[in-house]
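The structure under discussion appears below in the form of structure tokens.
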Amino acid sequence: MDEIALIQEAKGGNLDSFNRLVLAYQDMIYSQAYRMIGEEESADDATQTAFISAYNHLSSFRGGSFKAWLLRIVTNACYDELRRRKRRPTVPLEPLDDTGEEVESAHWMVDPTDQPEDQVQRLELQRAIQHCLDHLPDEFRATVIMVDIQGLDYLEASQAIGKPIGTIKSRLARARLRLRDCLNGFSELLPTGIRLE
Amino acid sequence: MKNQITSRDYELLSAYLDNQLGAQERALFESRLNLEPELRQELHEISKTRLLLRNLPRLRAPHNYFINPDVVSKSFRVRTPFRLAPAYGIASAIATILLVLMIFGDRLLSSTSPAALAPASIAPTEFVEIVKEVEISAAPTSSPAEAAPMAMMEAPVPATSPPPSTNMKVGESELATPTTIYLDALPPTSAPEVSIFMSQEQTETATISCEEYYLSGNSQALSLSSICPTLTSSPSYFLEGIYATATPTFSTSETPPPDRTATPTLTPSSTPPPTSAPTEAPALIQEAAPETRIEAPLMPAPSDQAMDASNQTLAQSESSEIPGTTPNYEFIQYIVLAIELSLAAFAIIAGLIAIILRFRAGR
């Protein structure tokens, strides 16, 4: 069944049709949330909130790109989460032991598999990229994730963010430039073929 | 040389990488790339950054985010009050509109009530008609008990009645007889002023008419027999006598007491007099007084016995009809005031609820 028919059935109250749409887009939505927030649990909450909000406001969807519409909802949920984080102090990642000292090597931080070196390096590179993404302004981050990670074109990104295409171009160029500058600090992690100079 | 690359150049670089430039713009930018190695170097680095991002692995959702009916029902329950915000807003707007209509309607009702129209209906030219009507009702050939109540029940004349014509005859003014009933509706405070004013203006003429009446001894001049004794003894009784013939509050004596006024019986005594009463009525009386003086002696006059009989009949018929037909304007005004207050309270409360709900929904 095509996407439009599923959307129409979901608008009529068919929850199964909407859940089929959820199944089709949940990886993309979760990926967007994780790249935006940089933390799994918050990304999970934002994804759940986005799908519930999408179902409740499905009647406001007037056509166009359903993917862009969902990305806009989850991006707004991520903005809310990021604003909430700025208002509250962050929770330390390292837990405390019985004596009150920080446990530097928590068990969930230890990779259970014995990975080869290139795989570890790839993970390090991903963390470096995520680190650079986290240091971008929220609007720049949302734009560059949608275009360069999610693969949206400029028009879809414009619909998802709710800004004109000119704004998308400007934000994308500045975000890429900042990422380039940030990743220069992790040049040892970059593959030789794409190492920045 | 890197400083020469502007933010506009970076936008062109980024758009060029995404194939978002037009043909002409793309050709122009490629020519620049061939001429500017720094720009080419920047293009290379931005391209690698873009490639790094695109090579990031696609994350998988840790679990399925299926919506179950419990979650949906909870979310709908939470949002239901917020959805009522427009309804409260519309209800507040409707209540406000109704309140405005009620206020204007109340003003209109109070300005068009019979009590309000009464002063305008006592144009001086109509006094001649009043006398004539009383004569007709008191005539032996007619039934006073039927004619007088009919006059009482006639419709009010609007306050904007045309000014009296200068050549009006007694017989020609019969069509305007409905105004006679509004002497009954005169507020107690306005009637004495009008009557006194009229009697002062007409003292001289009335005296002349009575002199003619006394000198002529003509039977046609007997129409003044019920008026002239009052005028000579006290000028203000001239019109008081006329009032007495037209109002249901009669006295059987030929000479009314000095403090007697046209007591309104069809309207409650507490009904406030309209604002136009003291200002309009005297002016009209001043203009129409000469015609009244000239034409009045020509009218046939009823005898004293006929007047008394008609007065008693009118009083009886009026006293038997008033309880059933008298509208309680004061009570209606209380009802209208209560409705207005209720609408105002409802509009304010509904508006506040709508604002609060919208504020909470926005958060």
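Chain labels follow the order of the structure tokens: the first chain is A, the next B, and so on; residue numbering restarts at 1 in every chain, and ligands are counted from 1 in their shown order.
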Just need the residues of chain B within 12 Å of chain A, counting only C-alpha atoms, so spit them out as a PyMOL selection string. chain B and resi 5-21+41-80+83+363
Output of the above residues as a PDB file, in the first residue's frame, restricted to C-alpha atoms:
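Saved file selection.pdb follows:
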```
ATOM      1  CA  ILE B   5      36.908  33.800  -0.111  1.00  0.00           C
ATOM      2  CA  THR B   6      33.736  35.331   1.111  1.00  0.00           C
ATOM      3  CA  SER B   7      30.718  33.758   2.744  1.00  0.00           C
ATOM      4  CA  ARG B   8      28.968  34.102  -0.601  1.00  0.00           C
ATOM      5  CA  ASP B   9      31.725  31.972  -2.136  1.00  0.00           C
ATOM      6  CA  TYR B  10      31.150  29.294   0.500  1.00  0.00           C
ATOM      7  CA  GLU B  11      27.454  29.292  -0.338  1.00  0.00           C
ATOM      8  CA  LEU B  12      28.330  28.834  -3.987  1.00  0.00           C
ATOM      9  CA  LEU B  13      30.747  26.061  -3.055  1.00  0.00           C
ATOM     10  CA  SER B  14      28.131  24.264  -1.029  1.00  0.00           C
ATOM     11  CA  ALA B  15      25.448  24.665  -3.677  1.00  0.00           C
ATOM     12  CA  TYR B  16      27.876  23.549  -6.367  1.00  0.00           C
ATOM     13  CA  LEU B  17      28.597  20.363  -4.434  1.00  0.00           C
ATOM     14  CA  ASP B  18      24.879  19.668  -4.093  1.00  0.00           C
ATOM     15  CA  ASN B  19      24.276  20.469  -7.752  1.00  0.00           C
ATOM     16  CA  GLN B  20      21.946  23.317  -6.849  1.00  0.00           C
ATOM     17  CA  LEU B  21      23.381  25.952  -9.172  1.00  0.00           C
ATOM     18  CA  GLN B  41      41.261  23.920  -2.307  1.00  0.00           C
ATOM     19  CA  GLU B  42      38.279  25.020  -0.242  1.00  0.00           C
ATOM     20  CA  LEU B  43      36.009  23.057  -2.522  1.00  0.00           C
ATOM     21  CA  HIS B  44      38.103  19.983  -1.923  1.00  0.00           C
ATOM     22  CA  GLU B  45      37.990  20.298   1.871  1.00  0.00           C
ATOM     23  CA  ILE B  46      34.294  21.052   2.030  1.00  0.00           C
ATOM     24  CA  SER B  47      33.686  18.117  -0.255  1.00  0.00           C
ATOM     25  CA  LYS B  48      35.578  15.801   2.114  1.00  0.00           C
ATOM     26  CA  THR B  49      33.647  17.120   5.099  1.00  0.00           C
ATOM     27  CA  ARG B  50      30.424  16.497   3.271  1.00  0.00           C
ATOM     28  CA  LEU B  51      31.611  13.001   2.416  1.00  0.00           C
ATOM     29  CA  LEU B  52      32.397  12.284   6.049  1.00  0.00           C
ATOM     30  CA  LEU B  53      28.903  13.224   7.046  1.00  0.00           C
ATOM     31  CA  ARG B  54      27.343  11.175   4.302  1.00  0.00           C
ATOM     32  CA  ASN B  55      29.362   8.165   5.285  1.00  0.00           C
ATOM     33  CA  LEU B  56      28.046   8.161   8.787  1.00  0.00           C
ATOM     34  CA  PRO B  57      26.188   4.940   9.442  1.00  0.00           C
ATOM     35  CA  ARG B  58      22.432   5.111   9.446  1.00  0.00           C
ATOM     36  CA  LEU B  59      21.320   4.551  13.004  1.00  0.00           C
ATOM     37  CA  ARG B  60      18.635   2.046  13.746  1.00  0.00           C
ATOM     38  CA  ALA B  61      15.857   2.686  16.170  1.00  0.00           C
ATOM     39  CA  PRO B  62      16.428   0.828  19.440  1.00  0.00           C
ATOM     40  CA  HIS B  63      12.817  -0.420  19.352  1.00  0.00           C
ATOM     41  CA  ASN B  64       9.622   0.028  17.439  1.00  0.00           C
ATOM     42  CA  TYR B  65       7.731   3.217  18.146  1.00  0.00           C
ATOM     43  CA  PHE B  66       4.285   1.825  17.480  1.00  0.00           C
ATOM     44  CA  ILE B  67       1.426   3.835  18.805  1.00  0.00           C
ATOM     45  CA  ASN B  68      -0.924   1.835  20.981  1.00  0.00           C
ATOM     46  CA  PRO B  69      -4.479   2.878  21.806  1.00  0.00           C
ATOM     47  CA  ASP B  70      -3.656   3.559  25.448  1.00  0.00           C
ATOM     48  CA  VAL B  71      -1.003   6.113  24.549  1.00  0.00           C
ATOM     49  CA  VAL B  72      -3.317   7.788  22.047  1.00  0.00           C
ATOM     50  CA  SER B  73      -6.245   7.962  24.446  1.00  0.00           C
ATOM     51  CA  LYS B  74      -4.031   9.430  27.174  1.00  0.00           C
ATOM     52  CA  SER B  75      -2.635  12.026  24.869  1.00  0.00           C
ATOM     53  CA  PHE B  76      -6.122  12.930  23.649  1.00  0.00           C
ATOM     54  CA  ARG B  77      -7.372  13.199  27.202  1.00  0.00           C
ATOM     55  CA  VAL B  78      -4.599  15.578  28.053  1.00  0.00           C
ATOM     56  CA  ARG B  79      -5.234  17.775  25.049  1.00  0.00           C
ATOM     57  CA  THR B  80      -9.016  17.835  25.167  1.00  0.00           C
ATOM     58  CA  ARG B  83      -9.133  22.081  22.231  1.00  0.00           C
ATOM     59  CA  ARG B 363       3.530  26.138  26.799  1.00  0.00           C
TER      60      ARG B 363
END
```
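Counting from CA of Leu99 (chain B), the distance to CA of Leu341 (chain B) is 8.4 Å.
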Find the spatial neighbours of Met102 (chain B), counting only C-alpha atoms, within a cut-off of 7 Å - ignore same-chain residues fewer than 4 positions away - and output them as a ChimeraX atom specification. /B:98,106,340
Applying 10 Å and only C-alpha atoms, which residues near region 81-83 of chain A remain after dropping the ones on its own chain fewer than 3 positions away? List them as number ranges by chain. A: 33, 36-37, 42-43, 45-46, 75-78, 86-88, 138
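Put simply, CA of Lys67 (chain A) is 16.1 Å away from CA of Lys11 (chain A).
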